[in-house]
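Undergrad: Take a look at the following structure, please.
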Amino acid sequence: YNPTLAHITDHKEIVMAKKVILITGASTGIGKAGALELAQRGWKVFVHARSEARGNPVMDELKKNAPNADFALVTGDVSSMAEVKSLAGQVKSLTERLDVLWNNAGLMLNECRVSADGWEMTMAINHLAPFVLTRELLPLIEQTQGRIITTSSGAYAMGRFNWEDW
């Protein structure tokens, strides 16, 4: 018995009441673990991976571990702001609402790498991508008065930011 769903009498309403989350960077680590846990609790989970080649094996594993769960793979290289917008477009085409956007994709590099857009890779993935994705998906999040979660770490303390050369 779920008291939050007690008023629902129609199966269609139950499907509509299911919580919906997008987890970026869900092909490994805590993103993948979170996807499995939330799906097992009845959430619709949009699993983000950089590409289908990277995401399909993860989807197979998730479905094996939670065969009745509701997963959908969405893809995009979040170092590219055009692909971030494409990722948002995929989500918008698959759902009208989003209860949680979990900006989890991130990386830490030991050397300077530049994205296709000309941004330093860490800045592009850890900072710009979550901002752009959140802006693009905000109308879906507002539909549910949802939440935005951004994963962070203590890695920021290990580096120095050069304001003259982003």
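FYI, nothing fancy with the structure tokens labels: chains A, B, ... in order, residues from 1 per chain, ligands from 1 as they appear.
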Do a neighbour search on stretch 28-39 of chain A at 8 Å with only C-alpha atoms, toss out local chain neighbours closer than 6 positions, and write the hits as a PyMOL selection string.
TA: chain A and resi 45+47+58+62+65-66+69-71+104-105
Undergrad: Extract, using only C-alpha atoms, all DNA, RNA and protein residues at most 12 Å from A:Asp165, discarding same-chain residues fewer than 4 positions from it, and format them as a tab-separated table (two decimals) with N, CA, C and O atoms, in the first residue's frame.
TA:
chain	number	residue	atom	x	y	z
A	112	CYS	N	45.55	19.70	-19.53
A	112	CYS	CA	44.59	20.57	-20.18
A	112	CYS	C	44.14	19.95	-21.50
A	112	CYS	O	44.97	19.62	-22.35
A	114	VAL	N	40.98	20.57	-24.55
A	114	VAL	CA	40.01	21.56	-25.01
A	114	VAL	C	38.87	20.84	-25.73
A	114	VAL	O	39.11	19.94	-26.53
A	118	GLY	N	35.87	24.72	-27.85
A	118	GLY	CA	36.96	25.62	-27.47
A	118	GLY	C	37.07	25.89	-25.98
A	118	GLY	O	37.89	26.71	-25.57
A	119	TRP	N	36.29	25.20	-25.16
A	119	TRP	CA	36.37	25.36	-23.72
A	119	TRP	C	37.30	24.32	-23.14
A	119	TRP	O	37.41	23.21	-23.64
A	120	GLU	N	37.96	24.67	-22.03
A	120	GLU	CA	38.73	23.68	-21.30
A	120	GLU	C	37.73	22.59	-20.89
A	120	GLU	O	36.61	22.87	-20.49
A	123	MET	N	35.87	22.60	-17.49
A	123	MET	CA	34.90	23.69	-17.43
A	123	MET	C	33.66	23.35	-18.25
A	123	MET	O	32.52	23.56	-17.80
A	160	ARG	N	44.19	24.85	-9.14
A	160	ARG	CA	44.14	26.31	-9.09
A	160	ARG	C	43.51	26.80	-10.38
A	160	ARG	O	43.82	26.30	-11.45
A	161	PHE	N	42.62	27.77	-10.27
A	161	PHE	CA	41.97	28.32	-11.44
A	161	PHE	C	42.77	29.51	-11.96
A	161	PHE	O	43.08	30.42	-11.22
Undergrad: Write out as a PyMOL selection string each polymer residue whose atoms come within 10 Å of A:Ser86, counting only C-alpha atoms; drop sequence neighbours fewer than 4 positions from it.
TA: chain A and resi 74-78+80-82+90-92+133+136
Undergrad: Keeping only all heavy atoms, write those residues as a CSV table (one decimal), in the first residue's frame.
TA:
chain,number,residue,atom,x,y,z
A,74,VAL,N,19.3,7.9,-23.0
A,74,VAL,CA,19.5,9.1,-23.8
A,74,VAL,C,20.9,9.4,-23.9
A,74,VAL,O,21.7,9.0,-23.0
A,74,VAL,CB,18.7,10.3,-23.1
A,74,VAL,CG1,17.2,10.2,-23.2
A,74,VAL,CG2,19.1,10.5,-21.7
A,75,THR,N,21.4,10.0,-25.0
A,75,THR,CA,22.8,10.1,-25.2
A,75,THR,C,23.2,11.5,-25.6
A,75,THR,O,22.4,12.3,-26.1
A,75,THR,CB,23.2,9.1,-26.4
A,75,THR,OG1,22.6,9.5,-27.5
A,75,THR,CG2,23.0,7.7,-26.0
A,76,GLY,N,24.5,11.8,-25.4
A,76,GLY,CA,25.1,13.0,-25.8
A,76,GLY,C,26.4,13.2,-25.1
A,76,GLY,O,26.5,12.9,-23.9
A,77,ASP,N,27.4,13.8,-25.9
A,77,ASP,CA,28.7,14.1,-25.3
A,77,ASP,C,28.5,15.5,-24.7
A,77,ASP,O,28.4,16.5,-25.4
A,77,ASP,CB,29.7,14.1,-26.4
A,77,ASP,CG,31.1,14.5,-25.9
A,77,ASP,OD1,31.2,15.0,-24.8
A,77,ASP,OD2,32.1,14.3,-26.7
A,78,VAL,N,28.5,15.5,-23.3
A,78,VAL,CA,28.3,16.8,-22.6
A,78,VAL,C,29.4,17.8,-22.7
A,78,VAL,O,29.3,18.9,-22.1
A,78,VAL,CB,27.7,16.6,-21.2
A,78,VAL,CG1,26.4,15.9,-21.2
A,78,VAL,CG2,28.7,15.8,-20.4
A,80,SER,N,30.2,19.0,-25.5
A,80,SER,CA,29.7,19.8,-26.6
A,80,SER,C,28.3,20.4,-26.2
A,80,SER,O,27.4,19.7,-25.9
A,80,SER,CB,29.5,18.9,-27.8
A,80,SER,OG,28.6,19.6,-28.8
A,81,MET,N,28.2,21.7,-26.2
A,81,MET,CA,26.9,22.4,-25.8
A,81,MET,C,25.8,22.1,-26.8
A,81,MET,O,24.7,22.0,-26.5
A,81,MET,CB,27.1,23.9,-25.7
A,81,MET,CG,28.1,24.3,-24.5
A,81,MET,SD,27.7,23.4,-22.9
A,81,MET,CE,29.2,22.3,-22.8
A,82,ALA,N,26.2,21.8,-28.1
A,82,ALA,CA,25.2,21.4,-29.1
A,82,ALA,C,24.6,20.0,-28.7
A,82,ALA,O,23.4,19.8,-28.8
A,82,ALA,CB,25.8,21.4,-30.5
A,90,GLN,N,16.1,15.2,-26.6
A,90,GLN,CA,15.7,13.8,-26.5
A,90,GLN,C,14.7,13.6,-25.3
A,90,GLN,O,13.7,13.0,-25.4
A,90,GLN,CB,16.9,12.9,-26.3
A,90,GLN,CG,17.8,12.8,-27.5
A,90,GLN,CD,19.0,12.0,-27.2
A,90,GLN,OE1,19.0,10.9,-26.7
A,90,GLN,NE2,20.2,12.7,-27.4
A,91,VAL,N,15.1,14.2,-24.2
A,91,VAL,CA,14.3,14.1,-23.0
A,91,VAL,C,12.9,14.7,-23.2
A,91,VAL,O,11.9,14.1,-22.9
A,91,VAL,CB,15.0,14.7,-21.8
A,91,VAL,CG1,14.1,14.7,-20.5
A,91,VAL,CG2,16.3,13.9,-21.5
A,92,LYS,N,12.9,15.9,-23.8
A,92,LYS,CA,11.6,16.6,-24.0
A,92,LYS,C,10.7,15.8,-24.9
A,92,LYS,O,9.5,15.9,-24.8
A,92,LYS,CB,11.9,18.0,-24.6
A,92,LYS,CG,12.5,19.0,-23.6
A,92,LYS,CD,12.5,20.4,-24.2
A,92,LYS,CE,13.9,20.9,-24.2
A,92,LYS,NZ,14.0,22.3,-24.7
A,133,LEU,N,22.0,22.4,-19.7
A,133,LEU,CA,21.0,21.3,-19.6
A,133,LEU,C,19.9,21.8,-18.6
A,133,LEU,O,18.7,21.6,-18.9
A,133,LEU,CB,21.6,20.0,-19.1
A,133,LEU,CG,20.7,18.8,-19.1
A,133,LEU,CD1,20.2,18.5,-20.5
A,133,LEU,CD2,21.4,17.6,-18.5
A,136,GLU,N,17.7,24.3,-20.3
A,136,GLU,CA,16.9,23.7,-21.4
A,136,GLU,C,15.7,22.9,-20.8
A,136,GLU,O,14.7,22.8,-21.4
A,136,GLU,CB,17.8,22.8,-22.3
A,136,GLU,CG,18.8,23.5,-23.1
A,136,GLU,CD,18.1,24.3,-24.2
A,136,GLU,OE1,17.2,23.8,-24.9
A,136,GLU,OE2,18.6,25.5,-24.5
Undergrad: Which residues come within 12 Å of A:Gly159, counting only C-alpha atoms, excluding same-chain residues fewer than 2 positions away, as number ranges by chain?
TA: A: 108-112, 122, 154-157, 161-162
Undergrad: Write out as a count of residues only the residues lying within 8 Å of A:Asn103, counting only C-alpha atoms and excluding same-chain residues fewer than 6 positions away.
TA: 8
Undergrad: Kindly give the distance, in Å, that separates atom CA of A:Trp102 and atom CA of A:Leu22, rounded to a single decimal.
TA: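 Interatomic distance, atom CA of A:Trp102 to atom CA of A:Leu22: 6.0 Å.
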Undergrad: DSSP on the backbone, then: every residue of stretch 58-132 of chain A marked strand (DSSP E or B), written as a PyMOL selection string.
TA: chain A and resi 70-75+100-103+114+120
Undergrad: Return the single residue from A:Ala17, A:Ile125, A:Met158, A:Leu98 that is closest to A:Gln143, with distances computed using only C-alpha atoms.
TA: A:Leu98
Undergrad: Could you tell me which of A:Met121, A:Pro67, A:Gln145, A:Leu137 comes closest to A:Gly89 if we count only C-alpha atoms?
TA: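 Using only C-alpha atoms, A:Gly89 sits closest to A:Leu137.
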Undergrad: Interatomic distance between atom CA of A:Lys18 and atom CA of A:Asn126?
TA: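 Interatomic distance, atom CA of A:Lys18 to atom CA of A:Asn126: 29.0 Å.
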Undergrad: Can you tell me, as a PyMOL selection string, which residues in stretch 80-165 of chain A count as alpha helix (DSSP H) by DSSP?
TA: chain A and resi 81-94+121-123+129-143
Undergrad: For A:Thr134, which of A:Gly106, A:His48, A:Leu87, A:Arg54 is the closest residue, counting only C-alpha atoms?
TA: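 Closest candidate: A:Leu87.
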Undergrad: What does the structure give for the distance between atom CA of A:Ala129 and atom CA of A:Leu73, in Å to one decimal?
TA: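 Calculated distance between atom CA of A:Ala129 and atom CA of A:Leu73 is 18.2 Å.
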